[in-house]
$ cat structure22.cif   # mmCIF, C-alpha atoms
data_final
#
loop_
_atom_site.label_atom_id
_atom_site.label_comp_id
_atom_site.auth_asym_id
_atom_site.auth_seq_id
_atom_site.Cartn_x
_atom_site.Cartn_y
_atom_site.Cartn_z
CA MET A 1 100.41 105.68 111.03
CA PHE A 2 103.99 106.64 112.00
CA GLY A 3 105.13 109.22 109.45
CA ARG A 4 103.54 112.49 108.42
CA PRO A 5 102.92 113.58 104.82
CA GLU A 6 104.39 117.04 105.44
CA TRP A 7 107.79 115.40 106.00
CA PHE A 8 107.86 114.11 102.40
CA THR A 9 107.45 115.17 98.80
CA TYR A 10 107.06 113.41 95.46
CA ARG A 11 110.17 111.83 93.98
CA THR A 12 111.60 113.55 90.93
CA PHE A 13 112.58 110.31 89.21
CA GLY A 14 110.43 107.21 89.47
CA TRP A 15 107.45 106.74 91.75
CA GLY A 16 107.19 107.13 95.46
CA ILE A 17 108.17 109.72 98.00
CA LYS A 18 111.37 111.28 99.30
CA ALA A 19 112.17 113.04 102.54
CA LYS A 20 112.04 116.83 102.50
CA THR A 21 112.57 117.57 106.21
CA TRP A 22 114.88 116.23 108.88
CA GLN A 23 111.91 114.36 110.38
CA GLY A 24 111.46 112.51 107.08
CA TRP A 25 115.13 111.51 107.04
CA ALA A 26 114.89 110.41 110.68
CA TYR A 27 111.80 108.35 109.82
CA ILE A 28 113.71 106.59 107.02
CA GLY A 29 116.73 106.08 109.28
CA VAL A 30 114.63 104.48 112.02
CA PHE A 31 113.02 102.05 109.56
CA VAL A 32 116.40 101.09 108.10
CA ALA A 33 117.81 100.60 111.59
CA LEU A 34 114.84 98.46 112.61
CA MET A 35 115.46 96.25 109.59
CA VAL A 36 119.22 95.92 110.12
CA ILE A 37 119.65 95.78 113.91
CA PRO A 38 117.85 92.43 114.48
CA ASN A 39 120.59 90.68 112.46
CA TYR A 40 123.13 91.68 115.10
CA LEU A 41 121.06 90.78 118.17
CA PRO A 42 121.47 87.46 119.98
CA ILE A 43 117.97 86.20 119.13
CA ALA A 44 116.61 83.15 117.32
CA SER A 45 117.23 83.06 113.58
CA ASP A 46 113.49 82.87 112.92
CA LEU A 47 113.07 86.21 114.67
CA LYS A 48 116.07 87.63 112.82
CA SER A 49 114.24 87.08 109.56
CA ALA A 50 110.69 87.77 110.81
CA ILE A 51 111.35 91.17 112.39
CA PRO A 52 112.74 92.86 109.24
CA LYS A 53 109.88 91.42 107.18
CA ALA A 54 107.30 92.77 109.62
CA VAL A 55 109.04 96.16 109.72
CA LEU A 56 109.15 96.23 105.91
CA ALA A 57 105.43 95.39 105.67
CA LEU A 58 104.51 98.12 108.17
CA GLY A 59 106.83 100.55 106.43
CA LEU A 60 105.26 99.89 103.03
CA ILE A 61 101.76 100.33 104.41
CA ASP A 62 102.79 103.58 106.09
CA ILE A 63 104.59 104.91 103.00
CA ILE A 64 101.57 104.17 100.79
CA SER A 65 99.36 105.93 103.34
CA ILE A 66 101.67 108.97 103.28
CA TRP A 67 101.84 108.92 99.48
CA VAL A 68 98.05 108.95 99.19
CA GLN A 69 97.79 111.96 101.53
CA LEU A 70 100.66 113.87 99.95
CA ASP A 71 98.53 116.01 97.63
CA LYS A 72 96.93 117.72 100.65
CA PHE A 73 100.34 119.16 101.58
CA HIS A 74 101.35 120.58 98.18
CA ASP A 75 100.19 123.75 96.50
CA GLU A 76 98.09 123.75 93.32
CA ARG A 77 101.11 124.20 91.04
CA GLU A 78 102.89 121.15 92.48
CA GLN A 79 99.68 119.11 92.27
CA LEU A 80 99.17 120.11 88.63
CA HIS A 81 102.76 119.19 87.78
CA GLN A 82 102.32 115.81 89.43
CA LEU A 83 99.08 115.20 87.52
CA ILE A 84 100.76 116.07 84.21
CA ILE A 85 103.67 113.75 85.01
CA GLU A 86 101.32 110.87 85.91
CA ARG A 87 99.23 111.44 82.78
CA ASN A 88 102.32 111.39 80.58
CA CYS A 89 103.58 108.19 82.24
CA SER A 90 100.22 106.51 81.70
CA LEU A 91 100.19 107.55 78.06
CA ALA A 92 103.74 106.26 77.56
CA ALA A 93 102.79 102.93 79.19
CA ILE A 94 99.75 102.45 76.93
CA VAL A 95 101.68 103.42 73.80
CA SER A 96 104.48 101.02 74.80
CA LEU A 97 102.05 98.14 75.41
CA CYS A 98 100.34 98.71 72.06
CA ALA A 99 103.70 98.95 70.28
CA ILE A 100 104.87 95.67 71.84
CA ILE A 101 101.63 93.93 70.85
CA ALA A 102 101.89 95.26 67.28
CA TYR A 103 105.55 94.28 67.01
CA ARG A 104 104.86 90.77 68.29
CA CYS A 105 101.96 90.39 65.84
CA TYR A 106 104.32 91.47 63.06
CA GLN A 107 106.97 88.97 64.19
CA ASN A 108 104.48 86.11 64.52
CA PRO A 109 101.96 86.52 61.71
CA MET A 110 98.67 84.67 61.38
CA VAL A 111 98.55 81.13 60.08
CA PRO A 112 98.35 81.54 56.27
CA ALA A 113 95.90 78.69 55.66
CA THR A 114 93.27 79.84 58.14
CA GLY A 115 93.91 83.56 58.38
CA ILE A 116 93.53 83.42 62.15
CA PHE A 117 95.87 83.16 65.10
CA GLN A 118 96.51 79.70 66.45
CA LEU A 119 94.05 79.99 69.31
CA ASN A 120 93.42 76.27 69.61
CA THR A 121 97.12 75.52 70.17
CA GLY A 122 97.49 78.23 72.77
CA LYS A 123 100.00 80.13 70.65
CA PHE A 124 99.25 83.81 70.50
CA PRO A 125 101.50 86.15 68.55
CA PHE A 126 102.12 88.04 71.82
CA ASP A 127 101.87 87.46 75.53
CA PRO A 128 98.14 87.72 76.43
CA LEU A 129 99.12 89.32 79.75
CA LEU A 130 99.97 92.47 77.79
CA VAL A 131 96.29 92.80 76.87
CA VAL A 132 95.33 92.10 80.49
CA MET A 133 97.66 94.91 81.63
CA ALA A 134 96.18 97.32 79.09
CA MET A 135 92.65 96.37 80.17
CA VAL A 136 93.51 96.86 83.86
CA MET A 137 94.91 100.30 83.06
CA ALA A 138 91.82 101.23 81.03
CA GLY A 139 89.54 99.89 83.78
CA THR A 140 91.39 101.88 86.42
CA LYS A 141 91.05 105.03 84.37
CA LEU A 142 87.32 104.40 83.84
CA ALA A 143 86.70 103.68 87.53
CA SER A 144 88.67 106.79 88.55
CA THR A 145 86.77 108.95 86.09
CA ILE A 146 83.39 107.69 87.28
CA TYR A 147 84.39 108.09 90.94
CA LEU A 148 85.63 111.67 90.46
CA ARG A 149 82.58 112.75 88.47
CA TYR A 150 80.00 111.40 90.90
CA ARG A 151 81.66 111.68 94.32
CA ARG A 152 79.73 114.77 95.42
#
$ encode --input "structure22.cif" --output "structure tokens"
Amino acid sequence: MFGRPEWFTYRTFGWGIKAKTWQGWAYIGVFVALMVIPNYLPIASDLKSAIPKAVLALGLIDIISIWVQLDKFHDEREQLHQLIIERNCSLAAIVSLCAIIAYRCYQNPMVPATGIFQLNTGKFPFDPLLVVMAMVMAGTKLASTIYLRYRR
């Protein structure tokens, strides 16, 4: 949209992108300025809050677009490193989710009389959203695998 993928690279820590050329830094500077400047202009307060929100929304859409295209502007070694990093992060997330579920089950054992969790009272030994998150991650991996195998 506004920025170009060749101006950016993958972040070393965390997710996202960082500027690697002066154009990338200028791009970031312009977006920051467009978010800050309306607060100092003599305009209606509704516009003072609406303009930065609109700029932020456009900026996020543009950054995601750049991020998706970034692999086309890196060599094979950088792409492989990024894939290994993403794989390791996904593995750590799944292991963490499973560990939290197991720990919560240990903390909140089954009801001794019935040998089952208290499903009818709505009390699970862990937050059910943890299972939803794990299922979304597994579904994403499955969909990605199917897409990559049959996209020819």
$ residues_near_point --input "structure22.cif" --point "(117.2, 97.7, 110.7)" --cutoff "12 Å" --atoms "only C-alpha atoms" --output "PyMOL selection string"
chain A and resi 27-41+48-56+59
$ resolve_selection --input "structure22.cif" --expression "the PyMOL selection byres ((chain A and resi 66) around 10)" --output "list in words"
Met1, Phe2, Gly3, Arg4, Pro5, Glu6, Trp7, Phe8, Thr9, Gly16, Ile17, Leu60, Ile61, Asp62, Ile63, Ile64, Ser65, Trp67, Val68, Gln69, Leu70 and Asp71 of chain A
$ residues_near_point --input "structure22.cif" --point "(104.1, 98.6, 74.7)" --cutoff "12 Å" --atoms "all atoms listed in the file" --output "PyMOL selection string"
chain A and resi 90-104+126-127+129-131+133-134
$ atom_distance --input "structure22.cif" --atom1 "atom CA of A:Gln82" --atom2 "atom CA of A:Trp22"
23.2 Å
$ atom_distance --input "structure22.cif" --atom1 "atom CA of A:Trp15" --atom2 "atom CA of A:Glu78"
15.1 Å
$ atom_distance --input "structure22.cif" --atom1 "atom CA of A:Phe124" --atom2 "atom CA of A:Val136"
19.5 Å
